[in-house]
>>> print(open('run.cif').read())   # mmCIF, C-alpha atoms
data_start
loop_
_atom_site.label_atom_id
_atom_site.label_comp_id
_atom_site.auth_asym_id
_atom_site.auth_seq_id
_atom_site.Cartn_x
_atom_site.Cartn_y
_atom_site.Cartn_z
CA MET N 1 86.98 121.29 30.55
CA MET N 2 84.19 118.78 30.82
CA GLN N 3 84.29 118.30 27.11
CA SER N 4 88.03 117.87 26.73
CA SER N 5 88.05 115.00 29.24
CA GLU N 6 85.56 113.29 26.93
CA LEU N 7 88.27 113.02 24.32
CA THR N 8 90.91 111.62 26.66
CA THR N 9 88.34 109.09 27.90
CA LYS N 10 87.72 108.15 24.30
CA ALA N 11 91.45 107.62 23.80
CA LYS N 12 91.55 105.38 26.87
CA GLU N 13 88.59 103.38 25.59
CA TYR N 14 90.28 102.89 22.20
CA LEU N 15 93.28 101.37 23.93
CA ARG N 16 91.14 99.23 26.22
CA ILE N 17 89.22 97.63 23.37
CA ALA N 18 92.45 97.48 21.32
CA LYS N 19 91.00 99.58 18.52
CA VAL N 20 94.38 101.28 18.41
CA ASP N 21 97.75 100.20 19.78
CA LEU N 22 99.19 103.67 20.26
CA VAL N 23 97.78 107.02 21.27
CA ILE N 24 99.78 110.16 20.61
CA GLY N 25 98.49 112.84 22.91
CA TYR N 26 99.53 115.57 25.33
CA LEU N 27 101.01 115.13 28.80
CA GLU N 28 101.91 117.64 31.47
CA GLY N 29 105.14 119.40 30.56
CA THR N 30 108.21 120.05 32.66
CA THR N 31 106.73 123.35 33.76
CA LYS N 32 103.09 124.12 34.57
CA ASP N 33 102.43 126.13 31.43
CA ARG N 34 103.80 123.62 28.96
CA ARG N 35 102.55 120.43 27.39
CA ARG N 36 104.62 117.71 25.83
CA ALA N 37 103.88 114.87 23.47
CA GLY N 38 103.07 111.51 25.05
CA PHE N 39 103.11 108.10 23.45
CA ILE N 40 100.55 105.98 25.27
CA ARG N 41 100.36 102.23 24.79
CA SER N 42 98.06 101.07 27.58
CA ALA N 43 94.72 102.15 29.02
CA GLU N 44 96.26 102.73 32.47
CA GLU N 45 98.81 105.17 31.11
CA ALA N 46 96.03 107.00 29.30
CA ASP N 47 94.92 108.57 32.60
CA ASN N 48 97.89 110.92 32.32
CA LEU N 49 96.60 112.48 29.10
CA VAL N 50 95.64 116.13 29.24
CA LEU N 51 93.85 118.37 26.80
CA ASP N 52 93.57 122.09 27.36
CA GLU N 53 94.23 125.39 25.68
CA ARG N 54 97.99 124.92 25.99
CA CYS N 55 97.99 121.92 23.66
CA GLU N 56 99.16 123.88 20.64
CA ASP N 57 101.78 121.65 19.10
CA ASN N 58 100.97 119.70 15.98
CA LEU N 59 101.62 116.10 17.01
CA ALA N 60 101.42 114.85 13.42
CA VAL N 61 105.15 115.57 13.20
CA TYR N 62 105.83 112.33 15.11
CA LEU N 63 104.05 110.21 12.52
CA VAL N 64 106.84 110.71 10.01
CA LYS N 65 109.78 110.47 12.38
CA GLU N 66 111.71 107.25 13.00
CA ASN N 67 109.34 105.23 10.86
CA LEU N 68 106.94 105.15 13.78
CA LEU N 69 103.88 104.03 11.86
CA ALA N 70 105.53 100.84 10.65
CA ARG N 71 105.55 99.52 14.22
CA TYR N 72 101.86 99.99 14.96
CA LYS N 73 98.69 98.75 13.32
CA LYS N 74 96.53 101.72 14.22
CA VAL N 75 97.39 104.96 15.88
CA ALA N 76 95.03 107.45 17.50
CA ILE N 77 96.30 111.00 17.60
CA PHE N 78 95.11 114.27 19.10
CA LEU N 79 94.95 116.85 16.31
CA ASN N 80 93.70 120.37 15.85
CA PRO N 81 92.43 121.47 12.41
CA ALA N 82 95.96 122.26 11.17
CA GLY N 83 97.01 118.81 12.34
CA ILE N 84 94.14 117.19 10.47
CA ARG N 85 95.21 119.00 7.31
CA THR N 86 98.72 117.70 7.94
CA ILE N 87 97.38 114.14 7.68
CA ASN N 88 95.94 115.01 4.27
CA VAL N 89 99.23 116.43 3.04
CA LEU N 90 101.31 113.53 4.35
CA ALA N 91 98.85 111.01 2.87
CA SER N 92 98.87 112.75 -0.51
CA GLU N 93 102.67 112.67 -0.45
CA GLU N 94 102.50 108.96 0.40
CA GLN N 95 104.33 109.36 3.68
CA ILE N 96 101.59 107.80 5.78
CA GLU N 97 98.56 105.59 5.21
CA ALA N 98 95.58 107.67 6.25
CA ASP N 99 93.51 104.63 7.20
CA LYS N 100 95.98 103.74 9.95
CA ILE N 101 95.20 106.98 11.72
CA VAL N 102 92.29 107.53 14.08
CA ILE N 103 91.85 111.24 14.64
CA LEU N 104 90.89 112.68 18.00
CA GLY N 105 90.00 116.12 16.74
CA PHE N 106 89.80 119.26 18.81
CA GLU N 107 89.91 122.96 18.28
CA ILE N 108 91.14 125.66 20.62
CA THR N 109 89.15 128.86 20.34
CA GLY N 110 89.71 131.68 22.77
CA GLY N 111 91.00 129.47 25.57
CA ASP N 112 88.27 126.85 25.18
CA VAL N 113 88.67 123.37 23.83
CA ARG N 114 86.00 122.22 21.42
CA ILE N 115 85.74 118.59 20.35
CA LEU N 116 85.46 117.96 16.62
CA ASP N 117 83.31 115.12 15.36
CA GLY N 118 84.92 112.56 13.15
CA GLU N 119 87.48 109.83 13.10
CA SER N 120 88.99 109.40 9.66
CA VAL N 121 90.49 112.32 7.82
CA ASP N 122 87.64 112.38 5.30
CA ASP N 123 85.14 113.12 8.07
CA PHE N 124 86.67 116.56 8.39
CA SER N 125 86.44 117.68 4.76
CA GLU N 126 83.50 119.98 5.50
CA LEU N 127 85.43 121.59 8.35
CA ILE N 128 88.44 122.14 6.09
CA ALA N 129 86.25 123.62 3.35
CA GLN N 130 84.98 126.11 5.94
CA LEU N 131 88.55 126.93 6.97
CA LYS N 132 89.45 127.70 3.38
CA LEU N 133 86.73 130.37 3.20
CA LYS N 134 88.16 132.37 6.07
CA ALA N 135 91.83 131.57 5.54
CA PHE N 136 94.32 134.43 5.38
CA ASP N 137 91.81 137.18 6.06
CA SER N 138 93.08 140.71 6.60
CA GLU N 139 93.21 140.25 10.36
CA GLN N 140 95.52 137.24 10.07
CA MET N 141 97.61 138.95 7.45
CA ALA N 142 98.03 142.30 9.21
CA ASP N 143 101.66 141.68 10.21
CA VAL N 144 102.51 140.32 6.77
CA ASP N 145 100.92 143.30 5.03
CA GLU N 146 102.91 145.57 7.28
CA ILE N 147 106.16 144.12 5.94
CA ASP N 148 104.81 144.17 2.39
CA SER N 149 104.10 147.88 2.69
CA LEU N 150 107.77 148.66 3.37
CA ASP N 151 109.99 149.31 0.40
CA VAL N 152 112.28 146.57 -0.75
CA ASP N 153 115.44 147.78 1.02
CA LYS N 154 113.60 148.11 4.31
CA ARG N 155 112.20 144.63 3.89
CA PHE N 156 115.72 143.31 3.36
CA GLU N 157 116.94 145.10 6.47
CA TYR N 158 114.05 143.72 8.49
CA TRP N 159 114.81 140.13 7.49
CA ARG N 160 118.54 140.64 7.78
CA GLY N 161 117.93 141.61 11.39
CA GLU N 162 115.74 138.58 12.00
CA PHE N 163 117.95 136.07 10.22
CA SER N 164 121.10 137.36 11.84
CA LYS N 165 119.75 135.85 15.07
CA CYS N 166 119.51 132.38 13.52
CA ILE N 167 121.92 129.87 15.01
CA LYS N 168 121.20 127.16 12.43
CA CYS N 169 119.96 124.72 15.03
CA TYR N 170 117.36 123.50 12.49
CA ALA N 171 114.75 123.22 15.22
CA CYS N 172 112.27 124.68 12.70
CA ARG N 173 113.00 121.75 10.44
CA GLN N 174 112.78 119.11 13.14
CA ALA N 175 109.50 120.49 14.46
CA CYS N 176 107.91 120.60 11.03
CA PRO N 177 105.76 117.65 9.96
CA MET N 178 106.47 118.43 6.29
CA CYS N 179 110.27 118.41 6.66
CA TYR N 180 110.73 114.68 6.57
CA CYS N 181 113.56 114.23 4.04
CA ASN N 182 116.11 111.73 5.26
CA ARG N 183 118.81 113.86 3.76
CA CYS N 184 118.07 117.54 3.91
CA ILE N 185 119.55 119.86 1.27
CA VAL N 186 121.62 121.60 3.94
CA GLU N 187 123.33 118.33 4.74
CA CYS N 188 124.47 117.86 1.15
CA ASN N 189 127.94 119.23 0.58
CA GLN N 190 128.71 118.28 -2.99
CA PRO N 191 127.85 120.84 -4.14
CA GLN N 192 127.42 122.94 -1.04
CA TRP N 193 124.30 124.90 -1.93
CA ILE N 194 123.84 126.60 1.38
CA CYS N 195 126.64 127.97 3.51
CA ARG N 196 126.74 125.89 6.64
CA SER N 197 127.97 128.22 9.33
CA ALA N 198 125.51 130.48 11.10
CA HIS N 199 126.37 133.78 9.45
CA THR N 200 123.66 135.94 8.00
CA LEU N 201 124.22 135.03 4.36
CA GLY N 202 123.92 131.32 5.05
CA ASN N 203 120.98 131.99 7.35
CA PHE N 204 119.28 133.95 4.60
CA GLU N 205 119.73 131.13 2.16
CA TRP N 206 118.61 128.49 4.62
CA ASN N 207 115.45 130.39 5.42
CA ILE N 208 114.68 131.03 1.75
CA VAL N 209 115.06 127.34 0.96
CA ARG N 210 113.09 126.22 4.01
CA ALA N 211 110.23 128.56 3.15
CA PHE N 212 110.26 127.54 -0.49
CA HIS N 213 110.17 123.84 0.29
CA LEU N 214 107.08 124.53 2.37
CA ALA N 215 105.34 126.61 -0.28
CA GLY N 216 102.01 124.97 -0.96
CA ARG N 217 102.67 122.40 1.76
CA CYS N 218 102.58 124.41 4.98
CA VAL N 219 99.34 124.02 6.92
CA GLY N 220 100.22 126.82 9.30
CA CYS N 221 100.40 124.78 12.49
CA GLY N 222 103.13 127.07 13.84
CA ASN N 223 105.40 124.31 15.13
CA CYS N 224 108.46 125.94 13.49
CA GLU N 225 107.90 129.32 15.08
CA ARG N 226 107.27 127.84 18.53
CA ALA N 227 110.40 125.71 18.20
CA CYS N 228 112.64 128.62 17.18
CA PRO N 229 114.88 129.47 20.13
CA VAL N 230 115.57 132.99 18.85
CA ASP N 231 111.99 133.86 17.88
CA ILE N 232 112.33 134.44 14.15
CA PRO N 233 108.80 135.12 12.89
CA LEU N 234 108.82 132.22 10.43
CA MET N 235 105.05 132.08 10.18
CA LYS N 236 105.02 135.48 8.51
CA ILE N 237 106.86 133.95 5.58
CA ASN N 238 104.76 130.80 5.61
CA ARG N 239 101.51 132.76 5.69
CA LYS N 240 102.69 135.02 2.89
CA LEU N 241 103.31 132.03 0.65
CA GLY N 242 100.15 130.27 1.81
CA LYS N 243 98.09 133.24 0.74
CA GLU N 244 99.98 133.51 -2.54
CA VAL N 245 99.21 129.89 -3.34
CA LEU N 246 95.55 130.34 -2.43
CA ASP N 247 95.12 133.56 -4.41
CA ARG N 248 97.05 132.47 -7.45
CA PHE N 249 96.17 128.82 -7.78
CA ASP N 250 93.04 128.56 -5.61
CA TYR N 251 94.92 125.96 -3.62
CA PHE N 252 94.23 125.41 0.05
CA VAL N 253 96.85 123.10 1.51
CA GLY N 254 95.63 119.84 3.00
CA SER N 255 92.10 119.98 1.61
CA SER N 256 91.95 116.27 0.82
CA LYS N 257 94.22 113.28 0.83
CA ASP N 258 94.05 113.05 -2.96
CA GLN N 259 95.10 116.65 -3.52
CA GLN N 260 98.15 117.00 -5.73
CA ALA N 261 100.88 119.30 -4.46
CA VAL N 262 100.72 122.75 -5.99
CA LEU N 263 104.30 122.69 -7.26
CA THR N 264 104.06 119.25 -8.84
CA SER N 265 100.96 120.11 -10.81
CA PHE N 266 100.00 122.86 -13.23
CA LYS N 267 97.24 124.26 -15.35
CA GLN N 268 97.89 125.37 -18.89
CA ASP N 269 96.35 128.74 -18.14
CA ASP N 270 98.25 129.47 -14.94
CA PRO N 271 98.88 133.20 -14.55
CA GLN N 272 102.13 134.34 -16.18
CA GLU N 273 101.97 138.11 -16.14
CA PHE N 274 105.57 138.27 -14.87
CA ILE N 275 107.06 136.37 -17.82
CA LEU N 276 108.25 138.44 -20.74
CA MET G 1 130.50 154.54 -10.53
CA ALA G 2 127.26 154.22 -12.46
CA ASP G 3 128.97 155.18 -15.71
CA ASN G 4 131.49 152.42 -15.88
CA PHE G 5 129.52 149.80 -14.01
CA GLU G 6 129.32 146.66 -16.08
CA PRO G 7 126.75 144.34 -14.55
CA ARG G 8 127.26 140.64 -14.30
CA ILE G 9 124.22 138.89 -15.66
CA ILE G 10 123.62 135.17 -15.51
CA ALA G 11 121.11 133.66 -17.90
CA PHE G 12 119.74 130.21 -17.14
CA VAL G 13 118.29 128.99 -20.39
CA CYS G 14 116.83 125.76 -21.70
CA ASN G 15 118.64 123.81 -24.36
CA TYR G 16 115.82 123.49 -26.86
CA CYS G 17 114.41 126.98 -27.15
CA THR G 18 116.21 129.91 -25.58
CA TYR G 19 119.70 128.52 -26.10
CA ALA G 20 118.86 127.92 -29.73
CA GLY G 21 117.38 131.42 -29.81
CA ALA G 22 120.63 132.83 -28.46
CA ASP G 23 122.47 130.80 -31.07
CA LEU G 24 120.28 132.29 -33.76
CA ALA G 25 121.02 135.78 -32.44
CA GLY G 26 124.70 134.96 -32.90
CA THR G 27 124.46 133.44 -36.36
CA SER G 28 122.24 136.34 -37.42
CA ARG G 29 125.06 138.69 -36.33
CA LEU G 30 122.77 140.51 -33.89
CA LYS G 31 124.62 142.55 -31.31
CA TYR G 32 123.80 142.34 -27.64
CA PRO G 33 125.77 143.32 -24.53
CA ALA G 34 128.56 140.97 -23.50
CA ASN G 35 127.50 141.19 -19.85
CA VAL G 36 125.49 138.03 -20.01
CA ARG G 37 126.88 134.61 -19.12
CA ILE G 38 124.67 131.89 -20.44
CA VAL G 39 124.20 128.65 -18.53
CA ARG G 40 122.56 126.00 -20.66
CA LEU G 41 120.29 123.45 -18.99
CA PRO G 42 118.19 120.64 -20.43
CA CYS G 43 114.91 122.32 -19.58
CA THR G 44 113.51 125.17 -17.51
CA GLY G 45 112.12 122.46 -15.28
CA ARG G 46 115.74 121.66 -14.38
CA ILE G 47 116.40 125.15 -13.09
CA SER G 48 116.36 124.82 -9.35
CA PRO G 49 115.79 127.95 -7.27
CA LEU G 50 119.09 127.02 -5.65
CA PHE G 51 120.83 127.99 -8.90
CA LEU G 52 119.45 131.49 -8.60
CA LEU G 53 120.52 131.74 -4.96
CA LYS G 54 123.99 130.54 -5.85
CA ALA G 55 124.27 133.08 -8.65
CA LEU G 56 123.35 135.88 -6.25
CA GLN G 57 125.78 134.53 -3.67
CA LYS G 58 128.59 134.53 -6.22
CA GLY G 59 128.02 138.12 -7.27
CA ALA G 60 125.43 138.23 -10.04
CA ASP G 61 123.75 141.60 -10.46
CA GLY G 62 120.92 140.25 -12.54
CA ILE G 63 119.49 136.88 -13.44
CA LEU G 64 117.53 135.91 -16.50
CA VAL G 65 115.58 132.67 -16.59
CA SER G 66 114.28 131.74 -19.98
CA GLY G 67 112.78 128.76 -21.75
CA CYS G 68 110.27 127.52 -24.27
CA HIS G 69 106.87 129.12 -24.73
CA PRO G 70 104.01 127.23 -23.05
CA GLY G 71 103.13 124.23 -25.19
CA ASP G 72 106.58 124.08 -26.81
CA CYS G 73 108.49 122.23 -24.10
CA HIS G 74 110.64 119.39 -25.41
CA PHE G 75 109.67 117.44 -22.29
CA ILE G 76 105.98 118.33 -22.68
CA SER G 77 105.41 120.01 -19.32
CA GLY G 78 108.74 121.16 -17.88
CA ASN G 79 108.04 124.82 -18.46
CA TYR G 80 104.54 124.61 -16.96
CA HIS G 81 106.00 123.25 -13.74
CA ALA G 82 108.76 125.84 -13.82
CA ARG G 83 106.23 128.63 -14.28
CA ARG G 84 104.45 127.79 -11.03
CA ARG G 85 107.73 127.43 -9.20
CA TRP G 86 109.02 130.80 -10.38
CA SER G 87 105.85 132.65 -9.59
CA ILE G 88 106.04 131.53 -5.96
CA PHE G 89 109.80 131.91 -5.72
CA ARG G 90 109.86 135.49 -6.94
CA THR G 91 107.12 136.39 -4.46
CA LEU G 92 109.22 134.87 -1.70
CA LEU G 93 112.38 136.73 -2.72
CA ASP G 94 110.47 139.97 -3.04
CA PHE G 95 108.95 139.52 0.42
CA LEU G 96 112.41 138.94 1.89
CA GLY G 97 113.73 142.08 0.24
CA ILE G 98 115.56 140.87 -2.86
CA PRO G 99 114.29 143.13 -5.66
CA LYS G 100 112.10 141.58 -8.32
CA GLU G 101 113.74 143.80 -10.93
CA ARG G 102 116.93 141.76 -10.74
CA ILE G 103 115.38 138.50 -11.78
CA TRP G 104 113.61 138.38 -15.11
CA PHE G 105 111.71 135.53 -16.65
CA SER G 106 110.95 135.09 -20.31
CA TRP G 107 109.90 132.72 -23.02
CA VAL G 108 112.22 132.81 -26.03
CA SER G 109 111.78 130.25 -28.80
CA ALA G 110 114.47 128.93 -31.13
CA SER G 111 113.28 131.30 -33.86
CA GLU G 112 113.32 134.41 -31.69
CA GLY G 113 116.95 135.48 -32.04
CA ARG G 114 115.82 139.08 -32.29
CA LYS G 115 113.75 138.81 -29.10
CA PHE G 116 116.73 137.35 -27.25
CA ALA G 117 119.09 140.10 -28.34
CA ASP G 118 116.55 142.81 -27.47
CA LEU G 119 115.82 141.22 -24.12
CA ILE G 120 119.46 141.10 -23.12
CA THR G 121 119.98 144.68 -24.23
CA GLU G 122 116.98 145.90 -22.26
CA PHE G 123 117.83 143.85 -19.18
CA THR G 124 121.44 145.04 -19.13
CA GLU G 125 120.28 148.65 -19.43
CA ASN G 126 117.89 148.12 -16.54
CA ILE G 127 120.50 146.56 -14.29
CA LYS G 128 122.92 149.36 -15.14
CA GLN G 129 120.28 151.80 -13.93
CA LEU G 130 119.73 149.81 -10.74
CA GLY G 131 123.45 149.56 -10.02
CA PRO G 132 125.25 146.63 -8.46
CA PHE G 133 123.43 144.17 -6.23
CA THR G 134 124.85 145.13 -2.86
CA GLN G 135 122.53 143.51 -0.33
CA TYR G 136 124.37 140.22 -0.43
CA ASP G 137 127.74 141.95 -0.47
CA LYS G 138 127.00 143.32 2.97
CA LEU G 139 126.26 139.85 4.20
CA ILE G 140 129.38 138.44 2.60
CA LYS G 141 131.47 141.13 4.29
CA GLU G 142 129.84 140.31 7.63
CA MET G 143 130.80 136.72 6.99
CA SER G 144 134.51 137.44 6.64
CA GLU G 145 134.69 139.73 9.67
#
>>> encode(input="run.cif", output="structure tokens")
Amino acid sequence: MMQSSELTTKAKEYLRIAKVDLVIGYLEGTTKDRRRAGFIRSAEEADNLVLDERCEDNLAVYLVKENLLARYKKVAIFLNPAGIRTINVLASEEQIEADKIVILGFEITGGDVRILDGESVDDFSELIAQLKLKAFDSEQMADVDEIDSLDVDKRFEYWRGEFSKCIKCYACRQACPMCYCNRCIVECNQPQWICRSAHTLGNFEWNIVRAFHLAGRCVGCGNCERACPVDIPLMKINRKLGKEVLDRFDYFVGSSKDQQAVLTSFKQDDPQEFIL
Amino acid sequence: MADNFEPRIIAFVCNYCTYAGADLAGTSRLKYPANVRIVRLPCTGRISPLFLLKALQKGADGILVSGCHPGDCHFISGNYHARRRWSIFRTLLDFLGIPKERIWFSWVSASEGRKFADLITEFTENIKQLGPFTQYDKLIKEMSE
């Protein structure tokens, strides 16, 4: 706890010396066990900031909403490793300018908050390289492998059950830092690619498209799954594709801010064993 | 059922290679099953995964996606991009329970009329064995209830 207050003090100091003009951090939520995002503009307000093991949400999502960055010169933001990788992805996709962001990095491990050294996104490249080495190990992939081991009809039934719960609220989309399109494909109706009402067929299609648009872009922050009001295990799909991209193309999402997206680049000798 | 089942197969092909290959199959008087409906697109890079979803939604039993061999793309790199996209997309569909066997990918050049005819014959036989694609039908029925 001692340590985590160090980071909120740092945020306060940044505002005091006007190093940044906005801090995005965590505040007490409406109930004791929840935290919500706070947008802090003065040093006095910064006293309300909290940082503990409940601060799970990836706050980077707010950087791309409502053109927020255009209104501030520099923004400090509390980010965990997935959040830091988000900055890399958004910078590589030219959605944000990485040098406007001051990172207040932390990591939650087993209920403890650990402060990460560094300020700009490049300071964390070593950390991210380490993450890549242990990404998608068998422990993390146990639930995915379990689905993979079913035969194809059973898999369909499993997902049919899950997707039938979907109410098409698109909370997964809104909570996702990578889903920043002004006009989402589901809002296009000429042609109508995806059925709009919340029946299972349309839900299936929506979830296929959502997952595919995040292939090679998802950093695994888990915002979508936490936002889902009916608890669809979306991260199972995201992790499956994340591992696929890593295994097939040696691509770890958000490794640097100059990294080209996996689906907009290619190598001439990409694997093609499935093509006749 | 299985005996008189005629599968509906949609082939998304690129204009410069596979479509020309299909054309060659025709002008060479090669026979292949009439189950295939060919949709011609400028390039495999133009084939959005949404097309495949739509085809399944509208009752396709099998889908073939075919374009130029690597290095032959009229637009230099369209097929390279498409190749990455497909490889991820088919993994995704498979994980969600839509059988891989129903979506085939191939490279067919403008001179490979024989390959095209053989491919369609083989694919149609395979889909006949598999039977109709019913997973989506269930969902569509749920929809109208």
>>> residues_around(input="run.cif", residues="N:Asn223", least_positions_apart="5", cutoff="9 Å", atoms="only C-alpha atoms", output="list in words")
Glu56, Asp57, Asn58, Val61, Cys172, Ala175, Cys176, Pro177 and Cys228 of chain N
>>> resolve_selection(input="run.cif", expression="the PyMOL selection byres ((chain N and resi 104-117) around 12)", output="number ranges by chain")
N: 1-12, 14, 20, 23-26, 50-60, 75-85, 87, 101-103, 118-128
>>> residues_near_point(input="run.cif", point="(119.0, 138.6, -27.5)", cutoff="12 Å", atoms="only C-alpha atoms", output="PDB file with C-alpha atoms, keeping the file's coordinate frame")
ATOM      1  CA  ALA G  11     121.110 133.660 -17.900  1.00  0.00           C
ATOM      2  CA  VAL G  13     118.290 128.990 -20.390  1.00  0.00           C
ATOM      3  CA  THR G  18     116.210 129.910 -25.580  1.00  0.00           C
ATOM      4  CA  TYR G  19     119.700 128.520 -26.100  1.00  0.00           C
ATOM      5  CA  ALA G  20     118.860 127.920 -29.730  1.00  0.00           C
ATOM      6  CA  GLY G  21     117.380 131.420 -29.810  1.00  0.00           C
ATOM      7  CA  ALA G  22     120.630 132.830 -28.460  1.00  0.00           C
ATOM      8  CA  ASP G  23     122.470 130.800 -31.070  1.00  0.00           C
ATOM      9  CA  LEU G  24     120.280 132.290 -33.760  1.00  0.00           C
ATOM     10  CA  ALA G  25     121.020 135.780 -32.440  1.00  0.00           C
ATOM     11  CA  GLY G  26     124.700 134.960 -32.900  1.00  0.00           C
ATOM     12  CA  THR G  27     124.460 133.440 -36.360  1.00  0.00           C
ATOM     13  CA  SER G  28     122.240 136.340 -37.420  1.00  0.00           C
ATOM     14  CA  ARG G  29     125.060 138.690 -36.330  1.00  0.00           C
ATOM     15  CA  LEU G  30     122.770 140.510 -33.890  1.00  0.00           C
ATOM     16  CA  LYS G  31     124.620 142.550 -31.310  1.00  0.00           C
ATOM     17  CA  TYR G  32     123.800 142.340 -27.640  1.00  0.00           C
ATOM     18  CA  PRO G  33     125.770 143.320 -24.530  1.00  0.00           C
ATOM     19  CA  ALA G  34     128.560 140.970 -23.500  1.00  0.00           C
ATOM     20  CA  ASN G  35     127.500 141.190 -19.850  1.00  0.00           C
ATOM     21  CA  VAL G  36     125.490 138.030 -20.010  1.00  0.00           C
ATOM     22  CA  ILE G  38     124.670 131.890 -20.440  1.00  0.00           C
ATOM     23  CA  LEU G  64     117.530 135.910 -16.500  1.00  0.00           C
ATOM     24  CA  SER G  66     114.280 131.740 -19.980  1.00  0.00           C
ATOM     25  CA  SER G 106     110.950 135.090 -20.310  1.00  0.00           C
ATOM     26  CA  TRP G 107     109.900 132.720 -23.020  1.00  0.00           C
ATOM     27  CA  VAL G 108     112.220 132.810 -26.030  1.00  0.00           C
ATOM     28  CA  SER G 109     111.780 130.250 -28.800  1.00  0.00           C
ATOM     29  CA  ALA G 110     114.470 128.930 -31.130  1.00  0.00           C
ATOM     30  CA  SER G 111     113.280 131.300 -33.860  1.00  0.00           C
ATOM     31  CA  GLU G 112     113.320 134.410 -31.690  1.00  0.00           C
ATOM     32  CA  GLY G 113     116.950 135.480 -32.040  1.00  0.00           C
ATOM     33  CA  ARG G 114     115.820 139.080 -32.290  1.00  0.00           C
ATOM     34  CA  LYS G 115     113.750 138.810 -29.100  1.00  0.00           C
ATOM     35  CA  PHE G 116     116.730 137.350 -27.250  1.00  0.00           C
ATOM     36  CA  ALA G 117     119.090 140.100 -28.340  1.00  0.00           C
ATOM     37  CA  ASP G 118     116.550 142.810 -27.470  1.00  0.00           C
ATOM     38  CA  LEU G 119     115.820 141.220 -24.120  1.00  0.00           C
ATOM     39  CA  ILE G 120     119.460 141.100 -23.120  1.00  0.00           C
ATOM     40  CA  THR G 121     119.980 144.680 -24.230  1.00  0.00           C
ATOM     41  CA  GLU G 122     116.980 145.900 -22.260  1.00  0.00           C
ATOM     42  CA  PHE G 123     117.830 143.850 -19.180  1.00  0.00           C
ATOM     43  CA  THR G 124     121.440 145.040 -19.130  1.00  0.00           C
TER      44      THR G 124
END
>>> resolve_selection(input="run.cif", expression="the PyMOL selection byres ((chain G) within 8 of (chain N))", output="MDAnalysis selection string")
chainID G and resid 50 53:54 70 80:81 83:85 87:89 91:99 104:107 135:136 139:140 142:143
>>> write_last_selection(input="run.cif", atoms="C-alpha atoms", output="mmCIF file, keeping the file's coordinate frame")
data_model
loop_
_atom_site.group_PDB
_atom_site.id
_atom_site.type_symbol
_atom_site.label_atom_id
_atom_site.label_comp_id
_atom_site.auth_asym_id
_atom_site.auth_seq_id
_atom_site.Cartn_x
_atom_site.Cartn_y
_atom_site.Cartn_z
ATOM 1 C CA LEU G 50 119.090 127.020 -5.650
ATOM 2 C CA LEU G 53 120.520 131.740 -4.960
ATOM 3 C CA LYS G 54 123.990 130.540 -5.850
ATOM 4 C CA PRO G 70 104.010 127.230 -23.050
ATOM 5 C CA TYR G 80 104.540 124.610 -16.960
ATOM 6 C CA HIS G 81 106.000 123.250 -13.740
ATOM 7 C CA ARG G 83 106.230 128.630 -14.280
ATOM 8 C CA ARG G 84 104.450 127.790 -11.030
ATOM 9 C CA ARG G 85 107.730 127.430 -9.200
ATOM 10 C CA SER G 87 105.850 132.650 -9.590
ATOM 11 C CA ILE G 88 106.040 131.530 -5.960
ATOM 12 C CA PHE G 89 109.800 131.910 -5.720
ATOM 13 C CA THR G 91 107.120 136.390 -4.460
ATOM 14 C CA LEU G 92 109.220 134.870 -1.700
ATOM 15 C CA LEU G 93 112.380 136.730 -2.720
ATOM 16 C CA ASP G 94 110.470 139.970 -3.040
ATOM 17 C CA PHE G 95 108.950 139.520 0.420
ATOM 18 C CA LEU G 96 112.410 138.940 1.890
ATOM 19 C CA GLY G 97 113.730 142.080 0.240
ATOM 20 C CA ILE G 98 115.560 140.870 -2.860
ATOM 21 C CA PRO G 99 114.290 143.130 -5.660
ATOM 22 C CA TRP G 104 113.610 138.380 -15.110
ATOM 23 C CA PHE G 105 111.710 135.530 -16.650
ATOM 24 C CA SER G 106 110.950 135.090 -20.310
ATOM 25 C CA TRP G 107 109.900 132.720 -23.020
ATOM 26 C CA GLN G 135 122.530 143.510 -0.330
ATOM 27 C CA TYR G 136 124.370 140.220 -0.430
ATOM 28 C CA LEU G 139 126.260 139.850 4.200
ATOM 29 C CA ILE G 140 129.380 138.440 2.600
ATOM 30 C CA GLU G 142 129.840 140.310 7.630
ATOM 31 C CA MET G 143 130.800 136.720 6.990
#
>>> closest_residue(input="run.cif", among="N:Met178, N:Val230, N:Leu27, N:Cys224", to="N:Ala91", atoms="all atoms listed in the file")
N:Met178
>>> atom_distance(input="run.cif", atom1="atom CA of N:Glu187", atom2="atom CA of N:Leu234")
20.9 Å
>>> atom_distance(input="run.cif", atom1="atom CA of N:Phe39", atom2="atom CA of N:Leu214")
27.0 Å
>>> residues_around(input="run.cif", residues="N:Ala135", least_positions_apart="6", cutoff="10 Å", atoms="all atoms listed in the file", output="list of chain:residue names")
N:Ala129, N:Met141, N:Arg239, N:Gly242, N:Lys243, N:Leu246, N:Phe252
>>> atom_distance(input="run.cif", atom1="atom CA of N:Asp33", atom2="atom CA of N:Arg226")
13.9 Å
>>> residues_around(input="run.cif", residues="G:Arg8", least_positions_apart="3", cutoff="8 Å", atoms="all atoms listed in the file", output="list in words")
Asn35, Val36, Arg37, Gly59, Ala60, Asp61 and Gly62 of chain G
>>> closest_residue(input="run.cif", among="N:Val89, N:Ile167, N:Arg196, N:Asn189", to="N:Val219", atoms="all atoms listed in the file")
N:Val89
>>> axis_aligned_box(input="run.cif", around="stretch 107-118 of chain G", padding_each_side="3 Å", output="JSON")
{"center_x": 114.5, "center_y": 135.9, "center_z": -28.4, "size_x": 15.2, "size_y": 19.9, "size_z": 16.8}
